[in-house]
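Listing of structure.cif; format and content: mmCIF, C-alpha atoms.
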data_coords
loop_
_atom_site.group_PDB
_atom_site.id
_atom_site.type_symbol
_atom_site.label_atom_id
_atom_site.label_comp_id
_atom_site.auth_asym_id
_atom_site.auth_seq_id
_atom_site.Cartn_x
_atom_site.Cartn_y
_atom_site.Cartn_z
ATOM 1 C CA MET L 1 0.000 0.000 0.000
ATOM 2 C CA TYR L 2 2.882 2.364 0.488
ATOM 3 C CA GLY L 3 6.293 2.617 -1.010
ATOM 4 C CA GLY L 4 9.102 4.487 -2.653
ATOM 5 C CA THR L 5 8.765 6.306 -5.950
ATOM 6 C CA LYS L 6 10.763 7.640 -8.804
ATOM 7 C CA GLY L 7 9.801 11.200 -9.604
ATOM 8 C CA ALA L 8 6.570 11.028 -7.599
ATOM 9 C CA HIS L 9 5.392 10.578 -4.046
ATOM 10 C CA PRO L 10 4.609 7.075 -2.784
ATOM 11 C CA SER L 11 0.996 6.112 -2.467
ATOM 12 C CA ILE L 12 -1.089 4.110 -0.061
ATOM 13 C CA ALA L 13 -4.272 2.629 -1.454
ATOM 14 C CA VAL L 14 -6.835 0.503 0.348
ATOM 15 C CA LEU L 15 -9.847 -0.694 -1.599
ATOM 16 C CA LEU L 16 -11.786 -3.671 -0.310
ATOM 17 C CA GLY L 17 -14.913 -5.434 -1.501
ATOM 18 C CA ALA L 18 -17.728 -6.298 0.921
ATOM 19 C CA HIS L 19 -21.505 -6.336 1.411
ATOM 20 C CA TRP L 20 -23.502 -3.692 3.259
ATOM 21 C CA LEU L 21 -26.910 -3.148 4.901
ATOM 22 C CA ALA L 22 -29.004 -0.017 4.442
ATOM 23 C CA ALA L 23 -31.077 1.791 7.069
ATOM 24 C CA CYS L 24 -33.141 4.969 7.335
ATOM 25 C CA ALA L 25 -31.668 8.185 8.713
ATOM 26 C CA GLN L 26 -32.278 11.905 8.873
ATOM 27 C CA PRO L 27 -30.871 14.061 6.065
ATOM 28 C CA LEU L 28 -27.636 15.987 6.429
ATOM 29 C CA VAL L 29 -28.167 19.719 6.963
ATOM 30 C CA VAL L 30 -26.809 21.554 3.924
ATOM 31 C CA ASP L 31 -24.774 24.674 4.811
ATOM 32 C CA TRP L 32 -23.953 26.250 1.460
ATOM 33 C CA PRO L 33 -21.631 23.575 0.090
ATOM 34 C CA LEU L 34 -19.378 24.262 -2.860
ATOM 35 C CA ALA L 35 -21.006 21.286 -4.568
ATOM 36 C CA THR L 36 -23.509 18.546 -3.819
ATOM 37 C CA VAL L 37 -23.324 15.377 -5.894
ATOM 38 C CA PRO L 38 -25.174 12.053 -5.830
ATOM 39 C CA TYR L 39 -23.312 8.992 -4.655
ATOM 40 C CA GLU L 40 -24.058 5.295 -4.696
ATOM 41 C CA ILE L 41 -22.957 2.415 -2.539
ATOM 42 C CA GLU L 42 -21.776 -0.446 -4.699
ATOM 43 C CA PRO L 43 -22.385 -4.072 -3.618
ATOM 44 C CA GLY L 44 -18.759 -4.144 -2.465
ATOM 45 C CA GLY L 45 -19.482 -1.254 -0.088
ATOM 46 C CA ARG L 46 -17.555 1.424 -1.966
ATOM 47 C CA ILE L 47 -18.805 5.030 -2.042
ATOM 48 C CA VAL L 48 -18.836 6.009 -5.733
ATOM 49 C CA VAL L 49 -19.337 9.433 -7.355
ATOM 50 C CA ASP L 50 -19.345 10.692 -10.936
ATOM 51 C CA VAL L 51 -16.280 12.694 -11.973
ATOM 52 C CA ARG L 52 -15.507 14.512 -15.221
ATOM 53 C CA VAL L 53 -11.928 14.293 -16.503
ATOM 54 C CA ASN L 54 -10.671 16.732 -19.128
ATOM 55 C CA GLU L 55 -14.311 17.765 -19.646
ATOM 56 C CA ARG L 56 -15.328 14.228 -20.567
ATOM 57 C CA GLY L 57 -17.312 11.636 -18.676
ATOM 58 C CA PRO L 58 -18.840 11.134 -16.260
ATOM 59 C CA TYR L 59 -16.421 8.538 -14.886
ATOM 60 C CA ARG L 60 -16.982 6.447 -11.779
ATOM 61 C CA PHE L 61 -14.531 7.210 -8.957
ATOM 62 C CA ALA L 62 -14.495 5.652 -5.491
ATOM 63 C CA ILE L 63 -13.881 7.959 -2.524
ATOM 64 C CA ASP L 64 -10.998 6.614 -0.449
ATOM 65 C CA SER L 65 -9.685 8.464 2.611
ATOM 66 C CA ALA L 66 -6.931 5.845 3.081
ATOM 67 C CA ALA L 67 -5.459 6.371 -0.384
ATOM 68 C CA THR L 68 -2.762 9.012 -0.030
ATOM 69 C CA GLY L 69 -2.859 9.601 -3.787
ATOM 70 C CA SER L 70 -5.528 9.461 -6.477
ATOM 71 C CA PHE L 71 -5.667 6.804 -9.194
ATOM 72 C CA ALA L 72 -6.892 6.281 -12.743
ATOM 73 C CA PHE L 73 -7.568 2.833 -14.140
ATOM 74 C CA SER L 74 -6.141 1.977 -17.520
ATOM 75 C CA ARG L 75 -9.406 1.757 -19.482
ATOM 76 C CA MET L 76 -10.227 5.421 -18.717
ATOM 77 C CA ALA L 77 -6.638 6.526 -19.402
ATOM 78 C CA ASP L 78 -6.752 4.696 -22.743
ATOM 79 C CA GLU L 79 -10.112 6.200 -23.656
ATOM 80 C CA LEU L 80 -8.851 9.723 -22.932
ATOM 81 C CA GLY L 81 -5.507 9.119 -24.611
ATOM 82 C CA LEU L 82 -3.563 10.008 -21.455
ATOM 83 C CA GLU L 83 0.112 9.216 -21.845
ATOM 84 C CA PRO L 84 2.443 8.425 -18.902
ATOM 85 C CA LEU L 85 4.729 11.211 -17.749
ATOM 86 C CA ALA L 86 8.289 10.505 -18.865
ATOM 87 C CA GLY L 87 10.445 9.133 -16.071
ATOM 88 C CA VAL L 88 7.724 9.399 -13.426
ATOM 89 C CA THR L 89 6.479 6.271 -11.647
ATOM 90 C CA SER L 90 4.813 5.518 -8.333
ATOM 91 C CA THR L 91 5.205 2.404 -6.245
ATOM 92 C CA VAL L 92 1.876 1.523 -4.664
ATOM 93 C CA TYR L 93 1.692 -0.776 -1.673
ATOM 94 C CA GLY L 94 -1.785 -2.256 -1.815
ATOM 95 C CA ALA L 95 -3.681 -4.312 0.696
ATOM 96 C CA VAL L 96 -2.349 -7.611 -0.645
ATOM 97 C CA ALA L 97 0.339 -6.694 -3.182
ATOM 98 C CA THR L 98 2.849 -4.064 -4.252
ATOM 99 C CA GLY L 99 3.556 -2.688 -7.698
ATOM 100 C CA THR L 100 5.202 0.204 -9.529
ATOM 101 C CA TYR L 101 3.048 2.056 -12.029
ATOM 102 C CA PRO L 102 3.229 5.053 -14.386
ATOM 103 C CA VAL L 103 1.864 8.468 -13.468
ATOM 104 C CA ILE L 104 -0.404 10.446 -15.793
ATOM 105 C CA ALA L 105 -1.380 14.116 -15.721
ATOM 106 C CA VAL L 106 -4.875 15.428 -16.386
ATOM 107 C CA ASP L 107 -5.653 19.041 -17.215
ATOM 108 C CA ARG L 108 -8.916 19.183 -15.323
ATOM 109 C CA LEU L 109 -10.717 16.883 -12.884
ATOM 110 C CA GLU L 110 -14.172 18.017 -11.791
ATOM 111 C CA LEU L 111 -16.447 16.766 -9.005
ATOM 112 C CA GLY L 112 -19.640 18.775 -9.026
ATOM 113 C CA GLY L 113 -18.527 22.398 -8.994
ATOM 114 C CA THR L 114 -15.071 21.672 -7.557
ATOM 115 C CA ILE L 115 -12.163 21.638 -9.986
ATOM 116 C CA TRP L 116 -8.696 20.143 -9.631
ATOM 117 C CA GLU L 117 -6.354 21.420 -12.305
ATOM 118 C CA GLY L 118 -3.067 19.735 -13.180
ATOM 119 C CA ALA L 119 -3.796 16.601 -11.169
ATOM 120 C CA GLN L 120 -1.317 13.739 -11.316
ATOM 121 C CA LEU L 121 -2.874 10.286 -11.020
ATOM 122 C CA THR L 122 -1.183 6.918 -10.689
ATOM 123 C CA ALA L 123 -2.371 4.634 -13.491
ATOM 124 C CA LEU L 124 -3.446 1.189 -12.248
ATOM 125 C CA PRO L 125 -4.582 -1.760 -14.408
ATOM 126 C CA GLY L 126 -8.011 -1.993 -12.738
ATOM 127 C CA ARG L 127 -8.355 -5.760 -13.149
ATOM 128 C CA THR L 128 -9.493 -6.764 -9.645
ATOM 129 C CA ASN L 129 -13.034 -7.463 -8.490
ATOM 130 C CA ALA L 130 -13.043 -4.219 -6.501
ATOM 131 C CA THR L 131 -11.947 -2.067 -9.440
ATOM 132 C CA SER L 132 -13.687 -3.722 -12.390
ATOM 133 C CA THR L 133 -16.640 -1.307 -12.229
ATOM 134 C CA LEU L 134 -14.572 1.811 -11.458
ATOM 135 C CA ASP L 135 -12.638 4.316 -13.518
ATOM 136 C CA GLY L 136 -10.558 5.751 -10.693
ATOM 137 C CA ILE L 137 -10.098 6.588 -7.021
ATOM 138 C CA LEU L 138 -10.226 10.011 -5.362
ATOM 139 C CA GLY L 139 -7.651 9.928 -2.580
ATOM 140 C CA ALA L 140 -6.538 12.247 0.204
ATOM 141 C CA ASP L 141 -4.524 14.484 -2.127
ATOM 142 C CA PHE L 142 -7.906 15.707 -3.424
ATOM 143 C CA LEU L 143 -10.175 15.154 -0.409
ATOM 144 C CA ARG L 144 -8.088 17.028 2.183
ATOM 145 C CA ARG L 145 -8.705 20.299 0.314
ATOM 146 C CA TYR L 146 -12.289 20.186 1.604
ATOM 147 C CA SER L 147 -14.610 18.795 4.230
ATOM 148 C CA ILE L 148 -16.871 16.061 2.827
ATOM 149 C CA GLY L 149 -20.351 15.310 4.180
ATOM 150 C CA PHE L 150 -22.519 12.306 3.326
ATOM 151 C CA SER L 151 -26.309 12.195 3.650
ATOM 152 C CA VAL L 152 -27.852 8.729 3.629
ATOM 153 C CA GLN L 153 -31.365 10.157 3.293
ATOM 154 C CA THR L 154 -30.658 11.832 -0.031
ATOM 155 C CA ASN L 155 -27.632 9.742 -1.116
ATOM 156 C CA THR L 156 -25.650 12.913 -1.734
ATOM 157 C CA ALA L 157 -22.131 14.013 -0.864
ATOM 158 C CA SER L 158 -21.614 17.692 -0.025
ATOM 159 C CA ILE L 159 -18.241 19.350 -0.487
ATOM 160 C CA TYR L 160 -17.546 22.257 1.873
ATOM 161 C CA ARG L 161 -14.885 24.878 2.304
ATOM 162 C CA PRO L 162 -12.878 23.707 5.337
ATOM 163 C CA ASP L 163 -13.727 26.816 7.376
ATOM 164 C CA MET L 164 -17.467 26.292 6.852
ATOM 165 C CA VAL L 165 -17.502 22.972 8.716
ATOM 166 C CA SER L 166 -14.843 23.980 11.230
ATOM 167 C CA GLN L 167 -16.945 26.896 12.499
ATOM 168 C CA ARG L 168 -20.052 24.794 13.094
ATOM 169 C CA SER L 169 -20.911 23.275 16.474
ATOM 170 C CA TYR L 170 -23.002 20.409 14.997
ATOM 171 C CA ARG L 171 -25.319 19.736 17.915
ATOM 172 C CA GLY L 172 -26.709 16.223 17.825
ATOM 173 C CA TRP L 173 -23.518 14.931 16.225
ATOM 174 C CA THR L 174 -20.654 13.051 17.814
ATOM 175 C CA ALA L 175 -17.159 14.395 17.096
ATOM 176 C CA ILE L 176 -14.525 11.665 16.876
ATOM 177 C CA ARG L 177 -10.897 12.780 16.869
ATOM 178 C CA THR L 178 -8.750 11.540 14.004
ATOM 179 C CA ASP L 179 -5.030 11.036 14.533
ATOM 180 C CA PRO L 180 -2.993 11.787 11.363
ATOM 181 C CA ARG L 181 0.160 9.690 10.968
ATOM 182 C CA TYR L 182 2.777 9.875 8.252
ATOM 183 C CA PHE L 183 4.524 6.810 6.851
ATOM 184 C CA GLY L 184 7.801 7.016 5.022
ATOM 185 C CA SER L 185 8.034 9.961 2.622
ATOM 186 C CA SER L 186 4.339 10.167 1.780
ATOM 187 C CA PRO L 187 3.174 13.825 1.828
ATOM 188 C CA GLU L 188 -0.319 12.776 2.968
ATOM 189 C CA PRO L 189 -1.087 11.196 6.339
ATOM 190 C CA LEU L 190 -3.334 8.270 7.107
ATOM 191 C CA ARG L 191 -5.972 8.950 9.736
ATOM 192 C CA PHE L 192 -6.571 6.721 12.733
ATOM 193 C CA ILE L 193 -9.313 6.731 15.347
ATOM 194 C CA ALA L 194 -9.569 5.098 18.754
ATOM 195 C CA ILE L 195 -12.223 2.385 19.073
ATOM 196 C CA GLU L 196 -13.240 -0.232 21.586
ATOM 197 C CA LEU L 197 -13.683 -3.802 20.425
ATOM 198 C CA GLU L 198 -15.528 -6.015 22.908
ATOM 199 C CA GLY L 199 -14.708 -3.383 25.546
ATOM 200 C CA GLU L 200 -10.953 -3.336 24.807
ATOM 201 C CA PRO L 201 -9.177 -0.280 23.303
ATOM 202 C CA LEU L 202 -7.849 -0.627 19.773
ATOM 203 C CA ASN L 203 -6.444 1.718 17.134
ATOM 204 C CA ALA L 204 -8.164 1.677 13.747
ATOM 205 C CA LEU L 205 -7.324 3.142 10.359
ATOM 206 C CA LEU L 206 -10.260 5.131 8.962
ATOM 207 C CA ASP L 207 -10.699 3.805 5.436
ATOM 208 C CA LEU L 208 -13.645 5.052 3.388
ATOM 209 C CA GLY L 209 -12.368 3.008 0.459
ATOM 210 C CA ALA L 210 -13.089 -0.211 2.323
ATOM 211 C CA GLY L 211 -16.645 -1.494 2.334
ATOM 212 C CA ILE L 212 -16.034 -3.689 5.361
ATOM 213 C CA SER L 213 -13.706 -3.636 8.365
ATOM 214 C CA ILE L 214 -10.754 -5.961 8.955
ATOM 215 C CA LEU L 215 -8.556 -7.068 11.863
ATOM 216 C CA ASN L 216 -5.029 -8.388 11.886
ATOM 217 C CA SER L 217 -4.222 -11.654 13.629
ATOM 218 C CA ALA L 218 -2.568 -9.818 16.526
ATOM 219 C CA ALA L 219 -5.923 -8.221 17.390
ATOM 220 C CA VAL L 220 -7.694 -11.571 17.223
ATOM 221 C CA ARG L 221 -5.121 -13.132 19.580
ATOM 222 C CA ASN L 222 -5.043 -10.158 21.944
ATOM 223 C CA PHE L 223 -8.803 -10.062 22.406
ATOM 224 C CA SER L 224 -9.253 -13.861 22.382
ATOM 225 C CA LEU L 225 -11.649 -13.599 19.460
ATOM 226 C CA ARG L 226 -12.718 -16.690 17.564
ATOM 227 C CA ALA L 227 -12.675 -16.411 13.797
ATOM 228 C CA VAL L 228 -14.861 -18.539 11.564
ATOM 229 C CA GLY L 229 -14.029 -19.827 8.109
ATOM 230 C CA GLY L 230 -14.983 -17.983 4.973
ATOM 231 C CA SER L 231 -16.924 -19.575 2.155
ATOM 232 C CA ASP L 232 -15.121 -20.953 -0.888
ATOM 233 C CA ASP L 233 -16.156 -17.997 -3.039
ATOM 234 C CA SER L 234 -15.247 -15.287 -0.506
ATOM 235 C CA VAL L 235 -12.663 -12.888 -1.903
ATOM 236 C CA PHE L 236 -10.777 -9.960 -0.418
ATOM 237 C CA SER L 237 -10.495 -7.495 -3.290
ATOM 238 C CA GLY L 238 -7.838 -4.800 -3.301
ATOM 239 C CA ALA L 239 -6.728 -2.061 -5.655
ATOM 240 C CA ILE L 240 -4.008 -4.251 -7.196
ATOM 241 C CA GLU L 241 -4.907 -7.910 -6.599
ATOM 242 C CA ASP L 242 -7.631 -10.186 -5.220
ATOM 243 C CA LEU L 243 -7.011 -12.730 -2.478
ATOM 244 C CA PRO L 244 -9.184 -15.663 -1.306
ATOM 245 C CA LEU L 245 -10.638 -14.983 2.137
ATOM 246 C CA SER L 246 -10.079 -17.615 4.797
ATOM 247 C CA ALA L 247 -11.715 -16.190 7.930
ATOM 248 C CA ARG L 248 -14.087 -13.616 9.362
ATOM 249 C CA LEU L 249 -15.743 -12.961 12.698
ATOM 250 C CA SER L 250 -18.818 -11.292 14.113
ATOM 251 C CA THR L 251 -18.146 -8.955 17.041
ATOM 252 C CA GLN L 252 -20.633 -8.327 19.822
ATOM 253 C CA ARG L 253 -19.784 -4.658 20.280
ATOM 254 C CA VAL L 254 -17.737 -1.945 18.586
ATOM 255 C CA ARG L 255 -17.622 1.577 19.983
ATOM 256 C CA THR L 256 -15.991 4.875 19.117
ATOM 257 C CA GLY L 257 -16.713 8.136 20.861
ATOM 258 C CA SER L 258 -20.288 7.940 22.146
ATOM 259 C CA ILE L 259 -21.682 5.668 19.437
ATOM 260 C CA GLY L 260 -21.613 1.921 19.106
ATOM 261 C CA TRP L 261 -22.529 -0.964 16.834
ATOM 262 C CA ARG L 262 -23.478 -4.554 17.534
ATOM 263 C CA ASN L 263 -22.847 -7.728 15.540
ATOM 264 C CA GLU L 264 -20.445 -6.169 13.045
ATOM 265 C CA ILE L 265 -18.505 -8.416 10.670
ATOM 266 C CA PHE L 266 -14.705 -8.134 10.445
ATOM 267 C CA LEU L 267 -12.457 -9.870 7.954
ATOM 268 C CA ILE L 268 -9.317 -11.476 9.392
ATOM 269 C CA GLY L 269 -5.924 -11.563 7.756
ATOM 270 C CA ASP L 270 -2.258 -10.634 7.854
ATOM 271 C CA PHE L 271 -2.255 -8.606 4.676
ATOM 272 C CA GLU L 272 0.561 -6.477 3.362
ATOM 273 C CA ILE L 273 -1.073 -3.322 4.664
ATOM 274 C CA PHE L 274 -0.225 -4.314 8.232
ATOM 275 C CA GLU L 275 3.451 -4.618 7.350
ATOM 276 C CA THR L 276 3.228 -1.215 5.685
ATOM 277 C CA LEU L 277 1.761 0.292 8.833
ATOM 278 C CA ARG L 278 4.480 -1.407 10.899
ATOM 279 C CA SER L 279 1.822 -3.174 12.929
ATOM 280 C CA ALA L 280 1.962 -6.822 11.906
ATOM 281 C CA ASP L 281 2.544 -7.785 15.557
ATOM 282 C CA ILE L 282 0.486 -4.974 17.077
ATOM 283 C CA PRO L 283 -3.324 -5.225 17.301
ATOM 284 C CA LEU L 284 -4.863 -3.029 14.605
ATOM 285 C CA ALA L 285 -8.174 -2.650 12.788
ATOM 286 C CA ILE L 286 -9.111 -1.088 9.477
ATOM 287 C CA LEU L 287 -12.474 0.597 9.887
ATOM 288 C CA GLY L 288 -14.384 0.562 6.616
ATOM 289 C CA SER L 289 -17.151 2.849 5.417
ATOM 290 C CA GLY L 290 -19.698 0.059 5.945
ATOM 291 C CA LEU L 291 -20.077 1.165 9.569
ATOM 292 C CA PHE L 292 -21.203 4.602 8.403
ATOM 293 C CA HIS L 293 -23.514 3.722 5.515
ATOM 294 C CA GLN L 294 -26.479 3.895 7.895
ATOM 295 C CA ARG L 295 -25.899 7.424 9.181
ATOM 296 C CA ASP L 296 -24.931 10.922 8.099
ATOM 297 C CA PHE L 297 -21.277 11.757 8.622
ATOM 298 C CA ILE L 298 -18.707 14.410 7.758
ATOM 299 C CA VAL L 299 -14.949 14.084 7.415
ATOM 300 C CA ASP L 300 -13.511 17.385 8.664
ATOM 301 C CA PHE L 301 -9.890 17.283 7.526
ATOM 302 C CA THR L 302 -9.030 20.755 8.842
ATOM 303 C CA ARG L 303 -9.898 20.014 12.472
ATOM 304 C CA GLU L 304 -8.970 16.325 12.194
ATOM 305 C CA ARG L 305 -12.315 14.948 13.259
ATOM 306 C CA LEU L 306 -15.067 12.673 12.060
ATOM 307 C CA LEU L 307 -18.584 13.991 12.725
ATOM 308 C CA VAL L 308 -21.354 11.394 12.983
ATOM 309 C CA ARG L 309 -25.045 12.117 13.447
ATOM 310 C CA THR L 310 -26.208 10.287 16.552
ATOM 311 C CA ALA L 311 -29.975 10.846 16.630
ATOM 312 C CA MET L 312 -30.784 7.495 15.014
ATOM 313 C CA ASP L 313 -32.340 4.331 16.361
ATOM 314 C CA GLU L 314 -29.636 2.049 14.976
ATOM 315 C CA ILE L 315 -26.889 3.819 16.954
ATOM 316 C CA GLU L 316 -26.217 2.716 20.503
ATOM 317 C CA THR L 317 -25.462 5.845 22.565
ATOM 318 C CA ALA L 318 -23.213 5.950 25.598
ATOM 319 C CA GLY L 319 -24.889 4.574 28.695
ATOM 320 C CA ASP L 320 -27.111 2.090 26.818
#
Using structure tokens, write down the structure from this file.
Amino acid sequence: MYGGTKGAHPSIAVLLGAHWLAACAQPLVVDWPLATVPYEIEPGGRIVVDVRVNERGPYRFAIDSAATGSFAFSRMADELGLEPLAGVTSTVYGAVATGTYPVIAVDRLELGGTIWEGAQLTALPGRTNATSTLDGILGADFLRRYSIGFSVQTNTASIYRPDMVSQRSYRGWTAIRTDPRYFGSSPEPLRFIAIELEGEPLNALLDLGAGISILNSAAVRNFSLRAVGGSDDSVFSGAIEDLPLSARLSTQRVRTGSIGWRNEIFLIGDFEIFETLRSADIPLAILGSGLFHQRDFIVDFTRERLLVRTAMDEIETAGD
């Protein structure tokens, strides 16, 4: 998922396939966003929006807060005639594999009314289960310019100026602190949050590009959790390669801040991402967007917090 580069910054990219469950919720209050765009949740759990590239499209891009760079898959690059930049490559350390890929430049990338000029995207083959229906990934190099809010009532993503969200109190929402951490020479941090799993504290990587959450084996051992086997056709799908899934578990309780979930499914595995994060022997979780599909939430990059609406029946509040 992370690595060295030649002529470009290294990139971390997490993109996992999973299933999700929908629920009703109240709409997100709109406070004069720069843009509001529809999104969909794919069967794999990915949050997908329509993006225009060089005034063509729309193209389907997944939103991924745990990708330090943004990516274009080869079919879109071929269609647009985008040539690799001479002498510029990026080594991407994915969830299950590592590879070095060319970098392409686009004149104009547009999401709603927001425009990114002169963007450089790493070109990936896009041959995995998780990427076969996508044209690209919007990573933190784009997302951190804004605050991004998601409304499950209207299935829309709102893009705000950072100061707009930072100045709001957001009563009725829970603010969860995010802890930015840099790895190697990457110019973009990954963001971690503190959770409790079965009442025990655990660090978790916030990964909106993952449809489901995962645990490393150290967490399973530390918390004496019992994993169950996966079915023969279960596959962990990353940005670079797919991998057969051998185990998963259902947890009784997950909590962060003042909200909690019951009976959440975690995938189990010692994937390359844990080596990248230097945590193969340290209990760690990757918290996917599947936990937040049932509620409104905002990623406030400026104040390093995750805002989650708590006035919903499916959320277990503190003291319950």
Residues in the PyMOL selection byres ((chain L and resi 115) around 12), expressed as an mmCIF file with C-alpha atoms, in the frame of the given file:
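Output file result_14.cif is given in full below:
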data_model
loop_
_atom_site.group_PDB
_atom_site.id
_atom_site.type_symbol
_atom_site.label_atom_id
_atom_site.label_comp_id
_atom_site.auth_asym_id
_atom_site.auth_seq_id
_atom_site.Cartn_x
_atom_site.Cartn_y
_atom_site.Cartn_z
ATOM 1 C CA LEU L 34 -19.378 24.262 -2.860
ATOM 2 C CA ALA L 35 -21.006 21.286 -4.568
ATOM 3 C CA VAL L 51 -16.280 12.694 -11.973
ATOM 4 C CA ARG L 52 -15.507 14.512 -15.221
ATOM 5 C CA VAL L 53 -11.928 14.293 -16.503
ATOM 6 C CA ASN L 54 -10.671 16.732 -19.128
ATOM 7 C CA GLU L 55 -14.311 17.765 -19.646
ATOM 8 C CA VAL L 106 -4.875 15.428 -16.386
ATOM 9 C CA ASP L 107 -5.653 19.041 -17.215
ATOM 10 C CA ARG L 108 -8.916 19.183 -15.323
ATOM 11 C CA LEU L 109 -10.717 16.883 -12.884
ATOM 12 C CA GLU L 110 -14.172 18.017 -11.791
ATOM 13 C CA LEU L 111 -16.447 16.766 -9.005
ATOM 14 C CA GLY L 112 -19.640 18.775 -9.026
ATOM 15 C CA GLY L 113 -18.527 22.398 -8.994
ATOM 16 C CA THR L 114 -15.071 21.672 -7.557
ATOM 17 C CA TRP L 116 -8.696 20.143 -9.631
ATOM 18 C CA GLU L 117 -6.354 21.420 -12.305
ATOM 19 C CA GLY L 118 -3.067 19.735 -13.180
ATOM 20 C CA ALA L 119 -3.796 16.601 -11.169
ATOM 21 C CA PHE L 142 -7.906 15.707 -3.424
ATOM 22 C CA LEU L 143 -10.175 15.154 -0.409
ATOM 23 C CA ARG L 145 -8.705 20.299 0.314
ATOM 24 C CA TYR L 146 -12.289 20.186 1.604
ATOM 25 C CA ILE L 159 -18.241 19.350 -0.487
#
How big is the axis-aligned box around the listed atoms of range 33-52 of chain L once 3 Å is added on each side, and where is its centre? Give both in Å to one decimal, as JSON.
{"center_x": -20.3, "center_y": 10.1, "center_z": -7.6, "size_x": 15.7, "size_y": 34.4, "size_z": 21.3}
Can I get the residues of range 181-283 of chain L within 12 Å of range 307-310 of chain L, each with the closest pair of atoms and their distance in Å to one decimal, using only C-alpha atoms, sorted chain first then ascending number, as a Markdown table?
| residue | atom | partner | partner_atom | distance |
| --- | --- | --- | --- | --- |
| L:Thr256 | CA | L:Val308 | CA | 10.4 |
| L:Gly257 | CA | L:Val308 | CA | 9.7 |
| L:Ser258 | CA | L:Thr310 | CA | 8.5 |
| L:Ile259 | CA | L:Thr310 | CA | 7.1 |
| L:Gly260 | CA | L:Thr310 | CA | 9.9 |
| L:Trp261 | CA | L:Thr310 | CA | 11.8 |
Query - Residues selected by the PyMOL selection byres ((chain L and resi 66-75) around 7), written as a PyMOL selection string - result: chain L and resi 11-14+64-65+76-79+121-126+135-141+188-190+206-209
Margin query: Just to confirm, what's the straight-line distance from CA of Ala285 in chain L to CA of Val165 in chain L in Å (one decimal)?
Written below: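 Atom-to-atom, CA of Ala285 in chain L to CA of Val165 in chain L, that is 27.6 Å.
One distance worth recording is that between CA of Tyr59 in chain L and CA of Arg127 in chain L, which is 16.5 Å.
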Nearest to Gln120 in chain L, restricted to only C-alpha atoms and choosing among L:Ala105, L:Ile265, L:Leu249, L:Val299, comes out as L:Ala105
Please produce, as JSON lines, a per-residue contact table for range 22-115 of chain L versus range 266-273 of chain L (criterion: any atom at most 8 Å away, only C-alpha atoms considered), showing the nearest atom pair and its distance in Å to one decimal, sorted by chain then residue number.
{"residue": "L:Tyr93", "atom": "CA", "partner": "L:Ile273", "partner_atom": "CA", "distance": 7.4}
{"residue": "L:Gly94", "atom": "CA", "partner": "L:Ile273", "partner_atom": "CA", "distance": 6.6}
{"residue": "L:Ala95", "atom": "CA", "partner": "L:Ile273", "partner_atom": "CA", "distance": 4.9}
{"residue": "L:Val96", "atom": "CA", "partner": "L:Glu272", "partner_atom": "CA", "distance": 5.1}
{"residue": "L:Ala97", "atom": "CA", "partner": "L:Glu272", "partner_atom": "CA", "distance": 6.6}
For the provided coordinates, the residues matched by the PyMOL selection byres ((chain L and resi 158) around 8) should be stated as a ChimeraX atom specification.
/L:30,33-37,148-150,156-157,159-160
- Gap from CA of Ser147 in chain L to CA of Ile286 in chain L - Å, one decimal: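 About the pair CA of Ser147 in chain L and CA of Ile286 in chain L: they are 21.3 Å apart.
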Give the answer as one residue: which of L:Pro102, L:Phe192, L:Ala247, L:Thr128 has the shortest atom-to-atom distance to Ser90 in chain L, using all atoms listed in the file?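 The closest residue to Ser90 in chain L is L:Pro102.
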*May I ask which of the residues L:Glu304, L:Glu42, L:Glu275, L:Asp296 is the closest one to Ser132 in chain L, counting all atoms listed in the file?*
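For Ser132 in chain L, the nearest of the given residues is L:Glu42.
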In the coordinates of the file, take the point (-9.1, 11.3, 11.8) and a cut-off of 7 Å; then, counting only C-alpha atoms, name each qualifying protein, DNA or RNA residue as a compact mmCIF listing (two decimals) with C-alpha atoms, keeping the file's coordinate frame.
# COMPACT_ATOMS: atom_id res chain seq x y z
CA ARG L 177 -10.90 12.78 16.87
CA THR L 178 -8.75 11.54 14.00
CA ASP L 179 -5.03 11.04 14.53
CA PRO L 180 -2.99 11.79 11.36
CA ARG L 191 -5.97 8.95 9.74
CA PHE L 192 -6.57 6.72 12.73
CA ILE L 193 -9.31 6.73 15.35
CA LEU L 206 -10.26 5.13 8.96
CA GLU L 304 -8.97 16.32 12.19
CA ARG L 305 -12.32 14.95 13.26
CA LEU L 306 -15.07 12.67 12.06
